[in-house]
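Visitor: After the structure tokens below, expect a handful of questions from me.
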Amino acid sequence: MISTHFVTGAPNWVDLGTPDIDRATAFYSALFGWRLQSAGPESGGYGFFQRDGRTVAGAMQTPPDQGPPVWTVYFQSPDADATAEAVGRAHGRVVSAPREVPDKGRVALLADRAGAPYGIWQPGRLKGLDVVGEHGTLVWAELHTPDIAAAAGFYNTVFGWETSSVSFPGGSYTCVNAAGQGEAAAFGGLVPLDDDPVESGAEPHWLPYFGTANPDTVCARATELGGTVRLAPLDLPDVGRIAKLSDPFGARFAVIRGEPRQTG
């Protein structure tokens, strides 16, 4: 599971790019109880989604030329410039070169060799999200990619990730954890893009999962608010109950009511 014990290569941030920050805030507030707090006049409109005064995600209104609405998962880097260079050597792509966020840290947007976008955050004063692994917060990150082996090799080269396999009836699931942290510290998974009928046909992407006590209620409320249920709630043995959605602008995310060991 994701934790705030941030280590190199582990998720430490997630944010939303949306064409209408006010409507997006209303949507996620109704689902998860989030409120938007401005990051300040120097932030260019960037803000923090907060729950009970603690930051659970970032958000920013983005113009159409910056791409479609999307949730972006960020991974911790001790040196954003060195990580960006490693991405290039591993045949990935630097989408937005590392830059300083004054007094907070250093950020870059990248893409893996299959084209799945993601970010890196080199902590400064801002270490990462205030809370994860709970209701209404980030609990898991899942990569949908056409080639599991190639993805595992890429992220191992860039971050040192380790993989493990979890068997389930009819197949297996590839989990990932930061270097040296062990399988118990798995924070995400790698899924063959074409094996998932909900994701098949989409471009390679990272999908954030947020915790919830009731996926069915979230799906019903999301539909009322103009969102889309892409995968109706279903139970996964030894995992929990999940659902996949998109917000009114098409940004994809998932929710999970996990077993106690999954969501803390």
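Chain labels A, B, ... are given in the sequence in which chains occur in the structure tokens; within each chain residues are numbered consecutively from 1, and ligands are likewise numbered from 1 in the order shown.
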Going by DSSP on the backbone, which bits of segment 225-259 of chain A are strand (DSSP E or B)? Write them as a VMD selection string, please.

Guide: chain A and resid 228 to 236 240 to 246 252 to 258

Visitor: Please provide as a PyMOL selection string all residues within 12 Å of Arg241 of chain A, with the sequence filter that same-chain residues fewer than 3 positions apart are discarded (counting only C-alpha atoms).

Guide: chain A and resi 209-216+218+231-238+244+254-260+262-263

Visitor: Only N, CA and C atoms, please: the residues just picked out, written as a PDB file, in the first residue's frame.

Guide:
ATOM      1  N   TYR A 209      -5.965   4.949  -7.651  1.00  0.00           N
ATOM      2  CA  TYR A 209      -7.094   4.412  -6.883  1.00  0.00           C
ATOM      3  C   TYR A 209      -7.217   5.216  -5.595  1.00  0.00           C
ATOM      4  N   PHE A 210      -8.437   5.647  -5.301  1.00  0.00           N
ATOM      5  CA  PHE A 210      -8.720   6.349  -4.052  1.00  0.00           C
ATOM      6  C   PHE A 210      -9.571   5.449  -3.155  1.00  0.00           C
ATOM      7  N   GLY A 211      -9.302   5.483  -1.866  1.00  0.00           N
ATOM      8  CA  GLY A 211     -10.034   4.653  -0.921  1.00  0.00           C
ATOM      9  C   GLY A 211     -11.442   5.169  -0.687  1.00  0.00           C
ATOM     10  N   THR A 212     -12.348   4.249  -0.455  1.00  0.00           N
ATOM     11  CA  THR A 212     -13.714   4.623  -0.106  1.00  0.00           C
ATOM     12  C   THR A 212     -14.335   3.521   0.724  1.00  0.00           C
ATOM     13  N   ALA A 213     -15.256   3.891   1.581  1.00  0.00           N
ATOM     14  CA  ALA A 213     -15.970   2.897   2.377  1.00  0.00           C
ATOM     15  C   ALA A 213     -17.060   2.208   1.568  1.00  0.00           C
ATOM     16  N   ASN A 214     -17.500   2.851   0.468  1.00  0.00           N
ATOM     17  CA  ASN A 214     -18.622   2.295  -0.286  1.00  0.00           C
ATOM     18  C   ASN A 214     -18.509   2.655  -1.769  1.00  0.00           C
ATOM     19  N   PRO A 215     -17.871   1.795  -2.590  1.00  0.00           N
ATOM     20  CA  PRO A 215     -17.753   2.078  -4.025  1.00  0.00           C
ATOM     21  C   PRO A 215     -19.104   2.244  -4.706  1.00  0.00           C
ATOM     22  N   ASP A 216     -20.126   1.525  -4.261  1.00  0.00           N
ATOM     23  CA  ASP A 216     -21.437   1.620  -4.896  1.00  0.00           C
ATOM     24  C   ASP A 216     -22.024   3.022  -4.730  1.00  0.00           C
ATOM     25  N   VAL A 218     -20.302   5.778  -4.196  1.00  0.00           N
ATOM     26  CA  VAL A 218     -19.491   6.696  -4.991  1.00  0.00           C
ATOM     27  C   VAL A 218     -19.927   6.665  -6.451  1.00  0.00           C
ATOM     28  N   LEU A 231     -16.368   0.889 -14.957  1.00  0.00           N
ATOM     29  CA  LEU A 231     -16.447  -0.488 -14.468  1.00  0.00           C
ATOM     30  C   LEU A 231     -17.295  -0.478 -13.210  1.00  0.00           C
ATOM     31  N   ALA A 232     -18.457  -1.124 -13.264  1.00  0.00           N
ATOM     32  CA  ALA A 232     -19.349  -1.167 -12.113  1.00  0.00           C
ATOM     33  C   ALA A 232     -18.669  -1.886 -10.951  1.00  0.00           C
ATOM     34  N   PRO A 233     -19.038  -1.556  -9.729  1.00  0.00           N
ATOM     35  CA  PRO A 233     -18.393  -2.173  -8.573  1.00  0.00           C
ATOM     36  C   PRO A 233     -18.395  -3.691  -8.634  1.00  0.00           C
ATOM     37  N   LEU A 234     -17.249  -4.284  -8.324  1.00  0.00           N
ATOM     38  CA  LEU A 234     -17.140  -5.733  -8.274  1.00  0.00           C
ATOM     39  C   LEU A 234     -16.167  -6.130  -7.192  1.00  0.00           C
ATOM     40  N   ASP A 235     -16.359  -7.316  -6.677  1.00  0.00           N
ATOM     41  CA  ASP A 235     -15.510  -7.845  -5.609  1.00  0.00           C
ATOM     42  C   ASP A 235     -14.364  -8.649  -6.204  1.00  0.00           C
ATOM     43  N   LEU A 236     -13.161  -8.410  -5.687  1.00  0.00           N
ATOM     44  CA  LEU A 236     -11.984  -9.178  -6.051  1.00  0.00           C
ATOM     45  C   LEU A 236     -11.516  -9.937  -4.821  1.00  0.00           C
ATOM     46  N   PRO A 237     -11.437 -11.264  -4.885  1.00  0.00           N
ATOM     47  CA  PRO A 237     -11.045 -12.050  -3.722  1.00  0.00           C
ATOM     48  C   PRO A 237      -9.714 -11.582  -3.135  1.00  0.00           C
ATOM     49  N   ASP A 238      -9.684 -11.429  -1.811  1.00  0.00           N
ATOM     50  CA  ASP A 238      -8.491 -11.040  -1.064  1.00  0.00           C
ATOM     51  C   ASP A 238      -7.989  -9.635  -1.388  1.00  0.00           C
ATOM     52  N   LYS A 244     -14.233   1.538 -11.450  1.00  0.00           N
ATOM     53  CA  LYS A 244     -13.469   2.481 -12.257  1.00  0.00           C
ATOM     54  C   LYS A 244     -14.423   3.535 -12.812  1.00  0.00           C
ATOM     55  N   ALA A 254     -10.013   5.375 -10.123  1.00  0.00           N
ATOM     56  CA  ALA A 254     -10.694   4.203  -9.594  1.00  0.00           C
ATOM     57  C   ALA A 254     -10.873   4.365  -8.098  1.00  0.00           C
ATOM     58  N   VAL A 255     -11.774   3.585  -7.534  1.00  0.00           N
ATOM     59  CA  VAL A 255     -11.991   3.582  -6.086  1.00  0.00           C
ATOM     60  C   VAL A 255     -11.927   2.148  -5.585  1.00  0.00           C
ATOM     61  N   ILE A 256     -11.584   1.999  -4.335  1.00  0.00           N
ATOM     62  CA  ILE A 256     -11.478   0.666  -3.740  1.00  0.00           C
ATOM     63  C   ILE A 256     -11.870   0.715  -2.269  1.00  0.00           C
ATOM     64  N   ARG A 257     -12.673  -0.262  -1.871  1.00  0.00           N
ATOM     65  CA  ARG A 257     -12.847  -0.564  -0.462  1.00  0.00           C
ATOM     66  C   ARG A 257     -12.053  -1.838  -0.239  1.00  0.00           C
ATOM     67  N   GLY A 258     -10.863  -1.678   0.281  1.00  0.00           N
ATOM     68  CA  GLY A 258      -9.951  -2.801   0.367  1.00  0.00           C
ATOM     69  C   GLY A 258     -10.093  -3.605   1.635  1.00  0.00           C
ATOM     70  N   GLU A 259      -9.430  -4.767   1.607  1.00  0.00           N
ATOM     71  CA  GLU A 259      -9.252  -5.509   2.834  1.00  0.00           C
ATOM     72  C   GLU A 259      -8.424  -4.652   3.782  1.00  0.00           C
ATOM     73  N   PRO A 260      -8.494  -4.897   5.103  1.00  0.00           N
ATOM     74  CA  PRO A 260      -7.762  -4.047   6.046  1.00  0.00           C
ATOM     75  C   PRO A 260      -6.297  -3.871   5.718  1.00  0.00           C
ATOM     76  N   GLN A 262      -5.025  -3.658   2.870  1.00  0.00           N
ATOM     77  CA  GLN A 262      -4.853  -2.842   1.655  1.00  0.00           C
ATOM     78  C   GLN A 262      -5.017  -1.366   1.948  1.00  0.00           C
ATOM     79  N   THR A 263      -5.995  -0.984   2.765  1.00  0.00           N
ATOM     80  CA  THR A 263      -6.283   0.437   2.927  1.00  0.00           C
ATOM     81  C   THR A 263      -5.997   0.941   4.345  1.00  0.00           C
TER      82      THR A 263
END

Visitor: Give me the residues within 10 Å of Thr174 of chain A as a list of chain:residue names, counting only C-alpha atoms and dropping any in the same chain fewer than 3 places off.

Guide: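 What passes the distance filter is A:Glu142, A:Ile148, A:Ala149, A:Ala152, A:Thr163, A:Ser164, A:Ser165, A:Val166, A:Ser167, A:Ala186, A:Gly188, A:Gly189, A:Leu190, A:Val191, A:Pro192.
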
Visitor: Counting only C-alpha atoms, what are the residues of segment 32-92 of chain A within 12 Å of segment 100-109 of chain A, and for each of them which pair of atoms is the nearest and at what distance in Å, to one decimal? Sort the table by chain and rising number, as a Markdown table.

Guide:
| residue | atom | partner | partner_atom | distance |
| --- | --- | --- | --- | --- |
| A:Ala39 | CA | A:Lys104 | CA | 10.7 |
| A:Gly40 | CA | A:Pro102 | CA | 11.4 |
| A:Glu42 | CA | A:Pro102 | CA | 9.0 |
| A:Ser43 | CA | A:Val101 | CA | 8.5 |
| A:Gly44 | CA | A:Val101 | CA | 11.0 |
| A:Tyr46 | CA | A:Val101 | CA | 11.3 |
| A:Thr72 | CA | A:Leu109 | CA | 9.0 |
| A:Val73 | CA | A:Leu109 | CA | 9.8 |
| A:Tyr74 | CA | A:Leu109 | CA | 8.5 |
| A:Phe75 | CA | A:Val107 | CA | 10.0 |
| A:Gln76 | CA | A:Val107 | CA | 9.7 |
| A:Ser77 | CA | A:Arg106 | CA | 9.1 |
| A:Pro78 | CA | A:Arg106 | CA | 9.6 |
| A:Asp79 | CA | A:Arg106 | CA | 8.4 |
| A:Ala80 | CA | A:Arg106 | CA | 6.6 |
| A:Asp81 | CA | A:Ala108 | CA | 8.4 |
| A:Ala82 | CA | A:Ala108 | CA | 11.1 |
| A:Thr83 | CA | A:Ala108 | CA | 9.3 |
| A:Ala84 | CA | A:Ala108 | CA | 7.6 |
| A:Glu85 | CA | A:Ala108 | CA | 11.3 |
| A:Val87 | CA | A:Leu109 | CA | 10.8 |
| A:Gly92 | CA | A:Leu109 | CA | 11.2 |

Visitor: Could you pull out the helix (DSSP H, G or I) residues of segment 4-92 of chain A from DSSP and send them as a list in words?

Guide: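 Matching residues for helix (DSSP H, G or I) in segment 4-92 of chain A are Ile21, Asp22, Arg23, Ala24, Thr25, Ala26, Phe27, Tyr28, Ser29, Ala30, Leu31, Phe32, Pro41, Glu42, Ser43, Pro64, Asp65, Gln66, Ala80, Asp81, Ala82, Thr83, Ala84, Glu85, Ala86, Val87, Gly88 and Arg89 of chain A.
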
Visitor: Write out as a list of chain:residue names each polymer residue whose atoms come within 12 Å of Asp147 of chain A, counting only C-alpha atoms; drop sequence neighbours fewer than 6 positions from it.

Guide: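 Contacts, with the query itself left out: A:Asp112, A:Arg113, A:Ala114, A:Gly115, A:Ala116, A:Gly153, A:Phe154, A:Thr174, A:Leu190, A:Val191, A:Pro192, A:Leu193, A:Asp194, A:Asp195, A:Pro204.
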
Visitor: Any chance you can output those residues with N, CA, C and O atoms as an mmCIF file, in the first residue's frame?

Guide:
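Below is the file part-v5.cif, written as the result:
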data_model
loop_
_atom_site.group_PDB
_atom_site.id
_atom_site.type_symbol
_atom_site.label_atom_id
_atom_site.label_comp_id
_atom_site.auth_asym_id
_atom_site.auth_seq_id
_atom_site.Cartn_x
_atom_site.Cartn_y
_atom_site.Cartn_z
ATOM 1 N N ASP A 112 6.970 6.923 -20.023
ATOM 2 C CA ASP A 112 7.765 5.707 -20.142
ATOM 3 C C ASP A 112 7.899 5.302 -21.613
ATOM 4 O O ASP A 112 7.400 5.986 -22.521
ATOM 5 N N ARG A 113 8.548 4.198 -21.877
ATOM 6 C CA ARG A 113 8.847 3.847 -23.267
ATOM 7 C C ARG A 113 7.593 3.493 -24.070
ATOM 8 O O ARG A 113 7.607 3.540 -25.307
ATOM 9 N N ALA A 114 6.492 3.162 -23.381
ATOM 10 C CA ALA A 114 5.227 2.902 -24.067
ATOM 11 C C ALA A 114 4.397 4.165 -24.233
ATOM 12 O O ALA A 114 3.348 4.141 -24.862
ATOM 13 N N GLY A 115 4.851 5.256 -23.621
ATOM 14 C CA GLY A 115 4.141 6.526 -23.734
ATOM 15 C C GLY A 115 3.276 6.894 -22.555
ATOM 16 O O GLY A 115 2.628 7.947 -22.575
ATOM 17 N N ALA A 116 3.217 6.063 -21.510
ATOM 18 C CA ALA A 116 2.402 6.380 -20.331
ATOM 19 C C ALA A 116 3.008 7.564 -19.580
ATOM 20 O O ALA A 116 4.173 7.500 -19.163
ATOM 21 N N GLY A 153 11.100 -3.516 -16.802
ATOM 22 C CA GLY A 153 12.498 -3.205 -17.059
ATOM 23 C C GLY A 153 12.769 -1.710 -17.064
ATOM 24 O O GLY A 153 13.780 -1.245 -16.518
ATOM 25 N N PHE A 154 11.855 -0.952 -17.660
ATOM 26 C CA PHE A 154 12.015 0.496 -17.716
ATOM 27 C C PHE A 154 12.046 1.099 -16.319
ATOM 28 O O PHE A 154 12.967 1.862 -15.970
ATOM 29 N N THR A 174 0.834 -8.403 -11.411
ATOM 30 C CA THR A 174 2.204 -7.986 -11.132
ATOM 31 C C THR A 174 2.205 -6.766 -10.228
ATOM 32 O O THR A 174 1.706 -5.699 -10.608
ATOM 33 N N LEU A 190 1.100 -3.567 -12.386
ATOM 34 C CA LEU A 190 1.250 -3.461 -13.826
ATOM 35 C C LEU A 190 0.241 -4.402 -14.471
ATOM 36 O O LEU A 190 0.197 -5.595 -14.138
ATOM 37 N N VAL A 191 -0.565 -3.869 -15.379
ATOM 38 C CA VAL A 191 -1.658 -4.637 -15.975
ATOM 39 C C VAL A 191 -1.541 -4.591 -17.495
ATOM 40 O O VAL A 191 -1.369 -3.508 -18.072
ATOM 41 N N PRO A 192 -1.648 -5.749 -18.169
ATOM 42 C CA PRO A 192 -1.631 -5.736 -19.639
ATOM 43 C C PRO A 192 -2.825 -4.945 -20.183
ATOM 44 O O PRO A 192 -3.967 -5.238 -19.845
ATOM 45 N N LEU A 193 -2.547 -3.967 -20.995
ATOM 46 C CA LEU A 193 -3.582 -3.064 -21.473
ATOM 47 C C LEU A 193 -4.718 -3.801 -22.173
ATOM 48 O O LEU A 193 -5.900 -3.529 -21.938
ATOM 49 N N ASP A 194 -4.387 -4.746 -23.017
ATOM 50 C CA ASP A 194 -5.418 -5.419 -23.810
ATOM 51 C C ASP A 194 -6.142 -6.524 -23.048
ATOM 52 O O ASP A 194 -7.128 -7.073 -23.551
ATOM 53 N N ASP A 195 -5.665 -6.854 -21.847
ATOM 54 C CA ASP A 195 -6.340 -7.884 -21.053
ATOM 55 C C ASP A 195 -7.479 -7.318 -20.219
ATOM 56 O O ASP A 195 -8.232 -8.064 -19.607
ATOM 57 N N PRO A 204 -1.556 3.844 -23.179
ATOM 58 C CA PRO A 204 -0.957 3.447 -21.901
ATOM 59 C C PRO A 204 -1.076 4.581 -20.882
ATOM 60 O O PRO A 204 -0.875 5.748 -21.215
#

Visitor: Find the spatial neighbours of segment 28-33 of chain A, counting only C-alpha atoms, within a cut-off of 9 Å - ignore same-chain residues fewer than 6 positions away - and output them as a list in words.

Guide: Phe49, Gln50, Arg51, Asp52, His135, Gly136, Thr137, Thr212, Thr217, Val218, Cys219, Arg221, Ala222, Leu225 and Asp247 of chain A

Visitor: Could the residues in this selection be saved with all heavy atoms as a short mmCIF file (atom, residue, chain, number, x, y, z; two decimals), in the first residue's frame?

Guide:
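What follows is the written file part18.cif:
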data_model
loop_
_atom_site.label_atom_id
_atom_site.label_comp_id
_atom_site.auth_asym_id
_atom_site.auth_seq_id
_atom_site.Cartn_x
_atom_site.Cartn_y
_atom_site.Cartn_z
N PHE A 49 -6.14 19.87 -3.12
CA PHE A 49 -7.35 19.25 -2.61
C PHE A 49 -7.04 18.77 -1.19
O PHE A 49 -6.06 18.05 -0.97
CB PHE A 49 -7.76 18.05 -3.46
CG PHE A 49 -8.51 18.40 -4.72
CD1 PHE A 49 -8.17 17.82 -5.93
CD2 PHE A 49 -9.57 19.29 -4.68
CE1 PHE A 49 -8.87 18.12 -7.09
CE2 PHE A 49 -10.28 19.61 -5.84
CZ PHE A 49 -9.92 19.02 -7.05
N GLN A 50 -7.88 19.17 -0.25
CA GLN A 50 -7.65 18.80 1.14
C GLN A 50 -8.87 18.13 1.73
O GLN A 50 -10.01 18.41 1.34
CB GLN A 50 -7.28 20.03 1.97
CG GLN A 50 -5.97 20.65 1.54
CD GLN A 50 -5.50 21.75 2.47
OE1 GLN A 50 -6.31 22.43 3.11
NE2 GLN A 50 -4.19 21.93 2.57
N ARG A 51 -8.60 17.23 2.66
CA ARG A 51 -9.65 16.54 3.41
C ARG A 51 -9.31 16.69 4.88
O ARG A 51 -8.21 16.30 5.31
CB ARG A 51 -9.72 15.06 3.01
CG ARG A 51 -10.78 14.25 3.75
CD ARG A 51 -10.79 12.81 3.25
NE ARG A 51 -11.64 11.99 4.08
CZ ARG A 51 -12.96 11.88 3.95
NH1 ARG A 51 -13.56 12.52 2.96
NH2 ARG A 51 -13.67 11.12 4.76
N ASP A 52 -10.20 17.29 5.63
CA ASP A 52 -9.95 17.56 7.05
C ASP A 52 -8.65 18.34 7.24
O ASP A 52 -7.89 18.11 8.19
CB ASP A 52 -9.90 16.25 7.86
CG ASP A 52 -11.21 15.48 7.79
OD1 ASP A 52 -12.28 16.14 7.72
OD2 ASP A 52 -11.18 14.24 7.79
N HIS A 135 -9.72 6.47 3.56
CA HIS A 135 -10.89 6.87 2.80
C HIS A 135 -10.67 8.25 2.18
O HIS A 135 -10.21 9.18 2.84
CB HIS A 135 -12.12 6.92 3.72
CG HIS A 135 -13.33 7.53 3.07
ND1 HIS A 135 -14.04 6.89 2.08
CD2 HIS A 135 -13.92 8.73 3.26
CE1 HIS A 135 -15.04 7.68 1.69
NE2 HIS A 135 -14.99 8.79 2.40
N GLY A 136 -10.96 8.38 0.88
CA GLY A 136 -10.84 9.65 0.21
C GLY A 136 -9.42 10.08 -0.10
O GLY A 136 -9.17 11.24 -0.38
N THR A 137 -8.46 9.14 -0.06
CA THR A 137 -7.07 9.46 -0.36
C THR A 137 -6.50 8.40 -1.29
O THR A 137 -7.08 7.35 -1.52
CB THR A 137 -6.21 9.52 0.92
OG1 THR A 137 -5.99 8.19 1.42
CG2 THR A 137 -6.87 10.36 2.01
N THR A 212 -12.35 4.25 -0.46
CA THR A 212 -13.71 4.62 -0.11
C THR A 212 -14.34 3.52 0.72
O THR A 212 -13.99 2.34 0.58
CB THR A 212 -14.58 4.86 -1.36
OG1 THR A 212 -15.91 5.21 -0.95
CG2 THR A 212 -14.65 3.64 -2.25
N THR A 217 -21.89 3.57 -3.54
CA THR A 217 -22.39 4.92 -3.29
C THR A 217 -21.63 5.95 -4.11
O THR A 217 -22.20 6.88 -4.68
CB THR A 217 -22.29 5.26 -1.80
OG1 THR A 217 -23.09 4.34 -1.05
CG2 THR A 217 -22.75 6.67 -1.52
N VAL A 218 -20.30 5.78 -4.20
CA VAL A 218 -19.49 6.70 -4.99
C VAL A 218 -19.93 6.66 -6.45
O VAL A 218 -20.07 7.70 -7.10
CB VAL A 218 -17.99 6.34 -4.86
CG1 VAL A 218 -17.17 7.10 -5.91
CG2 VAL A 218 -17.47 6.68 -3.47
N CYS A 219 -20.16 5.46 -6.99
CA CYS A 219 -20.56 5.35 -8.39
C CYS A 219 -21.92 6.00 -8.63
O CYS A 219 -22.12 6.71 -9.64
CB CYS A 219 -20.60 3.88 -8.81
SG CYS A 219 -18.97 3.14 -9.00
N ARG A 221 -23.31 8.42 -6.92
CA ARG A 221 -23.17 9.87 -6.79
C ARG A 221 -22.43 10.46 -7.99
O ARG A 221 -22.78 11.53 -8.49
CB ARG A 221 -22.42 10.20 -5.49
CG ARG A 221 -22.38 11.68 -5.17
CD ARG A 221 -23.75 12.20 -4.83
NE ARG A 221 -23.71 13.59 -4.40
CZ ARG A 221 -24.43 14.56 -4.95
NH1 ARG A 221 -25.25 14.30 -5.94
NH2 ARG A 221 -24.36 15.79 -4.48
N ALA A 222 -21.39 9.76 -8.46
CA ALA A 222 -20.63 10.25 -9.61
C ALA A 222 -21.53 10.37 -10.84
O ALA A 222 -21.44 11.34 -11.60
CB ALA A 222 -19.47 9.31 -9.90
N LEU A 225 -23.65 13.39 -10.77
CA LEU A 225 -22.87 14.61 -10.95
C LEU A 225 -22.27 14.75 -12.34
O LEU A 225 -21.50 15.68 -12.60
CB LEU A 225 -21.75 14.66 -9.91
CG LEU A 225 -22.20 14.76 -8.45
CD1 LEU A 225 -21.06 14.41 -7.52
CD2 LEU A 225 -22.74 16.15 -8.16
N ASP A 247 -14.37 11.41 -14.36
CA ASP A 247 -15.11 12.59 -13.91
C ASP A 247 -15.85 13.23 -15.10
O ASP A 247 -15.76 12.73 -16.23
CB ASP A 247 -14.19 13.56 -13.17
CG ASP A 247 -13.15 14.24 -14.05
OD1 ASP A 247 -13.34 14.29 -15.28
OD2 ASP A 247 -12.15 14.74 -13.49
#

Visitor: Can you work out which one of A:Gln37, A:Ser200, A:Gln66, A:Ser96 has the shortest atom-to-atom distance to Ala111 of chain A, counting only C-alpha atoms?

Guide: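 Nearest candidate to Ala111 of chain A out of A:Gln37, A:Ser200, A:Gln66, A:Ser96: A:Ser96.
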
Visitor: Just want the 8 Å neighbourhood of segment 155-160 of chain A, counted on only C-alpha atoms, with same-chain residues fewer than 6 positions away dropped. Output as a PyMOL selection string.

Guide: chain A and resi 8-9+83+86-87+90+178-179

Visitor: So which one's closest to Phe6 of chain A, A:Val132, A:Val229, A:Ala150, A:Ala220? Using only C-alpha atoms, please.

Guide: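 Of A:Val132, A:Val229, A:Ala150, A:Ala220, the one nearest Phe6 of chain A is A:Val132, counting only C-alpha atoms.
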
Visitor: Neighbouring residues of Gly250 of chain A were defined as those with any atom within 8 Å, considering only C-alpha atoms; residues of the same chain fewer than 6 positions away were excluded. Please report them as a list in words.

Guide: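 Non-adjacent residues within range: Pro68, Pro69, Val70 and Gly227 of chain A.
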